[in-house]
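Asker: Just one file: entry_17.tsv, with TSV, C-alpha atoms.
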```tsv
chain	number	residue	atom	x	y	z
U	1	MET	CA	33.86	14.53	18.09
U	2	LYS	CA	35.55	16.55	20.83
U	3	PHE	CA	36.22	15.01	24.22
U	4	LEU	CA	37.17	16.79	27.42
U	5	ILE	CA	38.33	14.46	30.19
U	6	LEU	CA	38.80	15.82	33.69
U	7	THR	CA	40.05	13.43	36.33
U	8	ASP	CA	41.77	13.32	39.68
U	9	SER	CA	44.80	11.09	40.19
U	10	VAL	CA	42.78	7.93	39.47
U	11	GLY	CA	42.80	8.73	35.74
U	12	ASN	CA	46.60	8.76	35.69
U	13	PRO	CA	49.05	5.87	35.18
U	14	ARG	CA	50.56	4.48	38.36
U	15	SER	CA	53.93	2.85	38.87
U	16	PHE	CA	53.81	2.19	42.60
U	17	PRO	CA	53.07	-0.15	44.37
U	18	LEU	CA	54.18	-2.70	41.85
U	19	GLU	CA	51.13	-4.97	42.21
U	20	ASP	CA	48.88	-2.05	41.17
U	21	ALA	CA	51.17	-0.70	38.46
U	22	THR	CA	49.18	0.66	35.51
U	23	GLU	CA	50.87	1.84	32.33
U	24	LEU	CA	49.64	4.89	30.45
U	25	GLU	CA	48.31	2.61	27.68
U	26	GLU	CA	46.22	0.76	30.27
U	27	THR	CA	44.43	3.80	31.68
U	28	TYR	CA	40.81	4.28	30.65
U	29	PRO	CA	41.33	7.75	29.07
U	30	TYR	CA	44.03	6.30	26.82
U	31	ILE	CA	41.92	3.26	25.86
U	32	LEU	CA	39.02	5.59	25.05
U	33	ARG	CA	41.27	7.76	22.93
U	34	LYS	CA	42.42	4.73	20.95
U	35	GLU	CA	38.82	3.74	20.27
U	36	PHE	CA	38.02	7.13	18.72
U	37	PRO	CA	41.13	7.91	16.66
U	38	ASP	CA	39.44	10.64	14.60
U	39	SER	CA	38.29	12.59	17.64
U	40	THR	CA	40.04	15.41	19.46
U	41	PHE	CA	40.84	14.78	23.09
U	42	TRP	CA	41.89	17.10	25.85
U	43	GLN	CA	42.63	15.53	29.20
U	44	LEU	CA	43.47	17.17	32.50
U	45	SER	CA	44.34	14.74	35.30
U	46	PHE	CA	45.67	16.11	38.55
U	47	GLY	CA	46.12	14.46	41.91
U	48	ASN	CA	44.74	16.02	45.09
U	49	LEU	CA	42.72	18.74	43.35
U	50	THR	CA	39.16	19.51	44.29
U	51	THR	CA	36.53	19.55	41.55
U	52	GLU	CA	36.43	23.36	41.59
U	53	GLN	CA	40.20	23.55	41.13
U	54	LEU	CA	40.11	21.01	38.31
U	55	VAL	CA	37.20	22.64	36.52
U	56	SER	CA	38.66	26.14	36.91
U	57	GLN	CA	41.86	24.95	35.26
U	58	ALA	CA	39.91	23.59	32.31
U	59	ILE	CA	37.74	26.68	31.94
U	60	SER	CA	40.60	29.13	32.11
U	61	TYR	CA	42.54	27.27	29.42
U	62	LEU	CA	39.67	26.43	27.13
U	63	ASN	CA	36.73	28.75	27.50
U	64	HIS	CA	35.88	28.80	23.81
U	65	TRP	CA	36.38	25.18	22.90
U	66	GLU	CA	33.04	23.45	22.97
U	67	PRO	CA	33.46	19.75	23.67
U	68	ASP	CA	30.76	17.29	22.60
U	69	ILE	CA	31.43	14.88	25.44
U	70	ILE	CA	32.80	15.77	28.87
U	71	ILE	CA	33.91	13.05	31.25
U	72	ILE	CA	34.32	14.20	34.83
U	73	HIS	CA	35.89	11.91	37.34
U	74	SER	CA	36.39	13.93	40.49
U	75	GLY	CA	34.91	14.37	43.94
U	76	ILE	CA	36.80	12.19	46.39
U	77	ASN	CA	39.15	15.06	47.27
U	78	ASP	CA	36.12	17.25	47.90
U	79	CYS	CA	34.32	14.89	50.22
U	80	ARG	CA	36.75	12.65	52.07
U	81	PRO	CA	37.32	13.39	55.75
U	82	GLU	CA	40.66	14.85	56.78
U	83	ALA	CA	42.38	15.41	60.13
U	84	PHE	CA	43.83	18.76	59.04
U	85	SER	CA	42.85	21.42	56.53
U	86	GLU	CA	45.09	22.03	53.51
U	87	PHE	CA	46.28	25.24	55.14
U	88	GLN	CA	47.16	23.45	58.37
U	89	LYS	CA	49.00	20.75	56.40
U	90	THR	CA	51.02	23.41	54.59
U	91	VAL	CA	51.90	25.11	57.88
U	92	ILE	CA	52.94	21.78	59.46
U	93	GLN	CA	55.04	20.96	56.39
U	94	ARG	CA	56.70	24.40	56.33
U	95	PHE	CA	57.59	24.41	60.01
U	96	SER	CA	58.65	20.80	60.26
U	97	GLY	CA	60.67	20.72	57.04
U	98	GLN	CA	60.46	18.05	54.37
U	99	ARG	CA	62.42	15.39	56.29
U	100	VAL	CA	60.55	15.70	59.56
U	101	PHE	CA	57.23	15.94	57.70
U	102	GLY	CA	58.04	12.62	56.06
U	103	ARG	CA	58.25	11.10	59.54
U	104	ILE	CA	55.16	12.75	61.01
U	105	LYS	CA	53.04	12.27	57.88
U	106	LYS	CA	51.50	9.09	59.28
U	107	TYR	CA	50.06	11.16	62.15
U	108	VAL	CA	48.70	13.81	59.80
U	109	TYR	CA	46.72	11.09	58.02
U	110	HIS	CA	46.11	8.90	61.08
U	111	PRO	CA	42.65	7.29	60.96
U	112	SER	CA	41.88	7.96	64.63
U	113	LEU	CA	42.69	11.66	64.16
U	114	ILE	CA	40.61	11.76	61.00
U	115	LYS	CA	37.75	10.08	62.84
U	116	ARG	CA	37.93	12.62	65.64
U	117	ARG	CA	38.37	15.78	63.57
U	118	GLN	CA	36.29	15.05	60.41
U	119	LEU	CA	37.34	18.11	58.39
U	120	TYR	CA	36.30	18.48	54.73
U	121	ARG	CA	37.88	20.49	51.97
U	122	VAL	CA	34.65	21.31	50.18
U	123	THR	CA	31.20	21.81	51.67
U	124	GLU	CA	28.15	20.21	50.05
U	125	ASN	CA	26.91	23.63	48.92
U	126	LYS	CA	30.19	24.50	47.24
U	127	PHE	CA	30.31	21.13	45.51
U	128	ARG	CA	26.74	21.64	44.27
U	129	LYS	CA	27.64	25.11	43.02
U	130	THR	CA	30.63	23.82	41.06
U	131	LEU	CA	28.55	21.11	39.39
U	132	ASN	CA	25.85	23.61	38.47
U	133	LYS	CA	28.46	25.90	37.00
U	134	VAL	CA	29.88	23.16	34.75
U	135	LYS	CA	26.36	22.33	33.60
U	136	LEU	CA	25.67	25.97	32.72
U	137	ILE	CA	28.98	26.63	30.98
U	138	TYR	CA	28.99	23.46	28.92
U	139	SER	CA	25.24	23.40	28.35
U	140	SER	CA	25.48	21.91	24.86
U	141	ALA	CA	27.80	19.02	25.82
U	142	THR	CA	26.91	15.55	27.03
U	143	VAL	CA	28.44	15.17	30.48
U	144	PHE	CA	29.29	11.77	31.91
U	145	TYR	CA	29.93	12.34	35.59
U	146	PHE	CA	31.48	9.36	37.35
U	147	GLU	CA	30.03	8.31	40.65
U	148	ILE	CA	32.56	8.92	43.46
U	149	CYS	CA	33.84	5.56	44.53
U	150	ALA	CA	36.23	3.70	46.78
U	151	ASN	CA	36.46	0.16	48.03
U	152	GLN	CA	34.66	-0.45	51.30
U	153	ALA	CA	37.98	-1.10	53.03
U	154	TYR	CA	38.93	2.56	52.40
U	155	GLU	CA	36.75	3.29	55.41
U	156	SER	CA	39.48	2.05	57.74
U	157	ALA	CA	41.96	4.60	56.35
U	158	ARG	CA	39.38	7.41	56.18
U	159	PRO	CA	36.69	6.79	58.80
U	160	GLY	CA	33.41	8.34	57.69
U	161	VAL	CA	34.27	8.39	53.99
U	162	GLY	CA	31.44	6.02	52.96
U	163	LYS	CA	28.75	8.31	54.32
U	164	ARG	CA	30.36	11.35	52.73
U	165	ILE	CA	30.63	9.59	49.35
U	166	ASN	CA	26.92	8.76	49.47
U	167	THR	CA	25.98	12.36	50.23
U	168	TYR	CA	28.11	13.77	47.42
U	169	ASN	CA	26.94	11.12	44.96
U	170	LYS	CA	23.37	12.22	45.69
U	171	ILE	CA	24.35	15.78	44.73
U	172	ILE	CA	25.83	14.50	41.44
U	173	SER	CA	22.73	12.44	40.81
U	174	ASN	CA	20.39	15.39	41.53
U	175	ILE	CA	22.23	17.60	39.05
U	176	TYR	CA	23.24	15.14	36.34
U	177	GLY	CA	20.54	12.49	36.72
U	178	GLU	CA	21.08	9.65	34.28
U	179	SER	CA	24.40	11.12	33.15
U	180	GLN	CA	25.92	9.97	36.42
U	181	VAL	CA	28.00	6.92	35.55
U	182	LYS	CA	27.77	4.16	38.13
U	183	ILE	CA	31.12	2.45	38.43
U	184	ASN	CA	31.52	1.25	42.00
U	185	GLU	CA	29.86	-2.14	41.52
U	186	LEU	CA	31.68	-2.64	38.23
U	187	LEU	CA	35.03	-2.03	39.92
U	188	ILE	CA	34.23	-4.41	42.77
U	189	GLN	CA	33.06	-7.14	40.36
U	190	ASN	CA	36.26	-6.80	38.35
U	191	ASP	CA	38.54	-6.60	41.39
U	192	GLY	CA	39.52	-3.22	40.00
U	193	PHE	CA	40.60	-1.33	43.10
U	194	GLY	CA	44.29	-1.15	43.95
U	195	SER	CA	45.78	-1.95	47.33
U	196	ASP	CA	45.04	1.55	48.70
U	197	ASN	CA	41.33	0.85	48.01
U	198	LEU	CA	40.98	4.11	46.10
U	199	HIS	CA	43.10	4.05	42.94
U	200	TRP	CA	42.42	1.50	40.23
U	201	ASN	CA	44.54	-1.29	38.83
U	202	ARG	CA	44.60	-2.22	35.15
U	203	ARG	CA	41.51	-4.43	35.54
U	204	GLY	CA	39.57	-1.47	36.91
U	205	HIS	CA	40.69	0.82	34.11
U	206	PHE	CA	39.84	-1.76	31.48
U	207	ALA	CA	36.35	-2.46	32.83
U	208	VAL	CA	35.51	1.24	33.07
U	209	ALA	CA	36.96	1.92	29.60
U	210	LYS	CA	34.77	-0.78	28.08
U	211	MET	CA	31.63	0.62	29.65
U	212	LEU	CA	32.55	4.18	28.74
U	213	ILE	CA	33.23	3.28	25.10
U	214	ASP	CA	29.74	1.76	24.85
U	215	LYS	CA	28.19	4.87	26.38
U	216	CYS	CA	30.09	7.20	24.02
U	217	LYS	CA	29.16	5.12	20.98
U	218	MET	CA	25.51	5.20	22.00
U	219	GLN	CA	25.73	8.97	22.42
U	220	LEU	CA	27.45	9.27	19.07
U	221	ASN	CA	24.67	7.35	17.34
U	222	LYS	CA	22.01	9.34	19.14
U	223	SER	CA	23.36	12.78	18.33
U	224	ASN	CA	24.94	11.99	14.97
U	225	ILE	CA	28.19	13.77	15.89
U	226	LYS	CA	31.20	13.05	13.72
Z	227	MET	CA	31.49	45.43	32.42
Z	228	ALA	CA	31.29	48.23	29.87
Z	229	ASP	CA	31.74	50.82	32.64
Z	230	ILE	CA	34.79	49.11	34.08
Z	231	PHE	CA	36.47	48.54	30.74
Z	232	GLU	CA	35.39	52.00	29.55
Z	233	VAL	CA	33.95	50.72	26.27
Z	234	ASP	CA	30.58	50.95	24.51
Z	235	ILE	CA	27.97	48.55	25.79
Z	236	GLU	CA	27.80	47.05	22.25
Z	237	SER	CA	31.35	45.74	22.72
Z	238	ILE	CA	30.16	43.44	25.51
Z	239	THR	CA	28.80	40.53	23.53
Z	240	GLU	CA	28.23	36.98	24.73
Z	241	SER	CA	31.46	35.86	23.13
Z	242	VAL	CA	33.65	38.63	24.52
Z	243	THR	CA	36.95	37.51	26.08
Z	244	PRO	CA	40.15	39.30	27.15
Z	245	ARG	CA	41.54	38.36	23.74
Z	246	ALA	CA	38.78	40.22	21.94
Z	247	LEU	CA	38.81	43.22	24.27
Z	248	SER	CA	42.20	44.82	24.80
Z	249	GLN	CA	40.95	46.78	27.84
Z	250	TRP	CA	40.24	43.52	29.69
Z	251	LYS	CA	43.49	42.98	31.56
Z	252	GLY	CA	45.31	43.04	34.92
Z	253	LYS	CA	43.89	45.58	37.31
Z	254	LYS	CA	40.64	45.98	35.38
Z	255	HIS	CA	39.96	42.26	35.66
Z	256	ARG	CA	40.34	42.58	39.45
Z	257	LEU	CA	38.03	45.61	39.46
Z	258	LEU	CA	35.46	43.68	37.47
Z	259	ILE	CA	35.59	40.77	39.94
Z	260	GLU	CA	35.18	43.12	42.90
Z	261	ALA	CA	32.27	44.92	41.24
Z	262	LEU	CA	30.50	41.64	40.42
Z	263	GLN	CA	30.98	40.34	43.95
Z	264	LYS	CA	29.50	43.53	45.35
Z	265	LYS	CA	26.64	43.68	42.88
Z	266	PHE	CA	25.52	40.07	43.38
Z	267	ASN	CA	26.59	39.78	47.01
Z	268	ILE	CA	28.73	36.71	46.35
Z	269	ARG	CA	32.36	35.78	46.97
Z	270	PHE	CA	34.17	33.92	44.17
Z	271	ASP	CA	36.57	31.13	45.11
Z	272	GLU	CA	40.18	32.17	44.72
Z	273	GLU	CA	40.82	29.45	42.11
Z	274	GLU	CA	37.68	30.51	40.25
Z	275	ILE	CA	38.81	34.09	39.63
Z	276	GLU	CA	41.41	33.12	37.04
Z	277	SER	CA	38.81	31.19	35.10
Z	278	LEU	CA	36.39	34.11	34.75
Z	279	VAL	CA	37.69	34.98	31.32
Z	280	SER	CA	34.64	35.15	29.11
Z	281	TYR	CA	31.22	36.73	29.36
Z	282	LYS	CA	29.57	33.30	29.15
Z	283	VAL	CA	31.70	31.84	31.96
Z	284	ILE	CA	31.08	34.88	34.16
Z	285	VAL	CA	27.32	34.71	33.67
Z	286	SER	CA	27.25	30.93	34.27
Z	287	THR	CA	29.40	31.22	37.38
Z	288	ILE	CA	27.23	33.94	38.88
Z	289	ARG	CA	24.11	31.94	38.09
Z	290	SER	CA	25.58	28.89	39.82
Z	291	TYR	CA	25.87	30.96	43.01
Z	292	LEU	CA	22.29	32.12	42.74
Z	293	ILE	CA	20.61	28.76	41.99
```
Turn this file's structure into structure tokens for me.
Answerer:
Amino acid sequence: MKFLILTDSVGNPRSFPLEDATELEETYPYILRKEFPDSTFWQLSFGNLTTEQLVSQAISYLNHWEPDIIIIHSGINDCRPEAFSEFQKTVIQRFSGQRVFGRIKKYVYHPSLIKRRQLYRVTENKFRKTLNKVKLIYSSATVFYFEICANQAYESARPGVGKRINTYNKIISNIYGESQVKINELLIQNDGFGSDNLHWNRRGHFAVAKMLIDKCKMQLNKSNIK
Amino acid sequence: MADIFEVDIESITESVTPRALSQWKGKKHRLLIEALQKKFNIRFDEEEIESLVSYKVIVSTIRSYLI
């Protein structure tokens, strides 16, 4: 069986802050890999990339490799509200220099500014287009698309994020239907969010890995893939 | 595609990639992108352009704009 795993930073190990530290061996992609030792895995996990950027990377590297199962865990960078666009952030960073930017960073991500400006990196239409493209390109694969999630308290850091997450999750659900993997409740039940209310701790990774393994095994039995 | 790469139409199969078609490179890739954008009245994302490296991906990407 061939797995393609595409994730944002949440799929990566994390060493800071210490209370949320998650080793590589504790991340859900690694646990999944261990469960299917005879399978081939290819994982791309990048922080701060939009879904289009992530998917384009995968397609340009591997346009002829046909995975059986694709796990996509991306969308928060597309939908969360920002105070400045990526271009504006780059300009601020260039002109202020790294040291000054370090000091003014808290204003760039200040919740009251975010609340007032409500900028988004990816429009709903563009997000929909990217998801449709993945579906068309990998038409023979089973896609498990994770629901976009964050702890409710993330709202105080990113005012308006809850509403945006709901809208984008509806787009995922419309395109992928039952293949959308609901994980938010599972993470809350297992106290799986880290202290930033977005990334996961080892409990979160473990709970999601367990559920994902079951889903993959079910798919394996259904399609008889080796 | 055949016109831009100056090859027979039979060379443009569903599995064609830059690896299989030596004419598919550099400036001609850019020309192909421009021609497709004009023909279908769409504008590819900058990050998408690098990923348009097979006939199947190109067709799927264009279709995703038209859905």
Asker: Distance limit 7 Å, atoms considered: only C-alpha atoms. Which chain Z residues sit that close to chain U? Return them as a VMD selection string.
Answerer: chain Z and resid 273 to 274 276 to 277 279 to 280 282 to 283 286 to 287 290 to 291
Asker: Which value, in Å to one decimal, gives the distance between atom CA of Z:Ile259 and atom CA of Z:Ile275?
Answerer: 7.4 Å
Asker: May I ask for the distance between atom CA of U:Phe101 and atom CA of Z:Glu272, given in Å to one decimal place?
Answerer: 26.9 Å
Asker: Atom CA of U:Gly47 and atom CA of U:Arg116 are how many Å apart?
Answerer: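 Rounded to one decimal, the two atoms are 25.2 Å apart.
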Asker: Write out as a compact mmCIF listing (two decimals) with C-alpha atoms, in the coordinates of the input the residues lying within 6 Å of U:Gln180, counting only C-alpha atoms and excluding same-chain residues fewer than 2 positions away.
Answerer:
```txt
# COMPACT_ATOMS: atom_id res chain seq x y z
CA PHE U 144 29.29 11.77 31.91
CA TYR U 145 29.93 12.34 35.59
CA PHE U 146 31.48 9.36 37.35
CA SER U 173 22.73 12.44 40.81
CA TYR U 176 23.24 15.14 36.34
CA GLY U 177 20.54 12.49 36.72
CA GLU U 178 21.08 9.65 34.28
```
Asker: Which residue gives the smallest distance to U:Thr27 among U:Leu6, U:Leu220, U:Gln88, U:Val208, with only C-alpha atoms counted?
Answerer: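 With only C-alpha atoms as the atom set, the closest residue is U:Val208.
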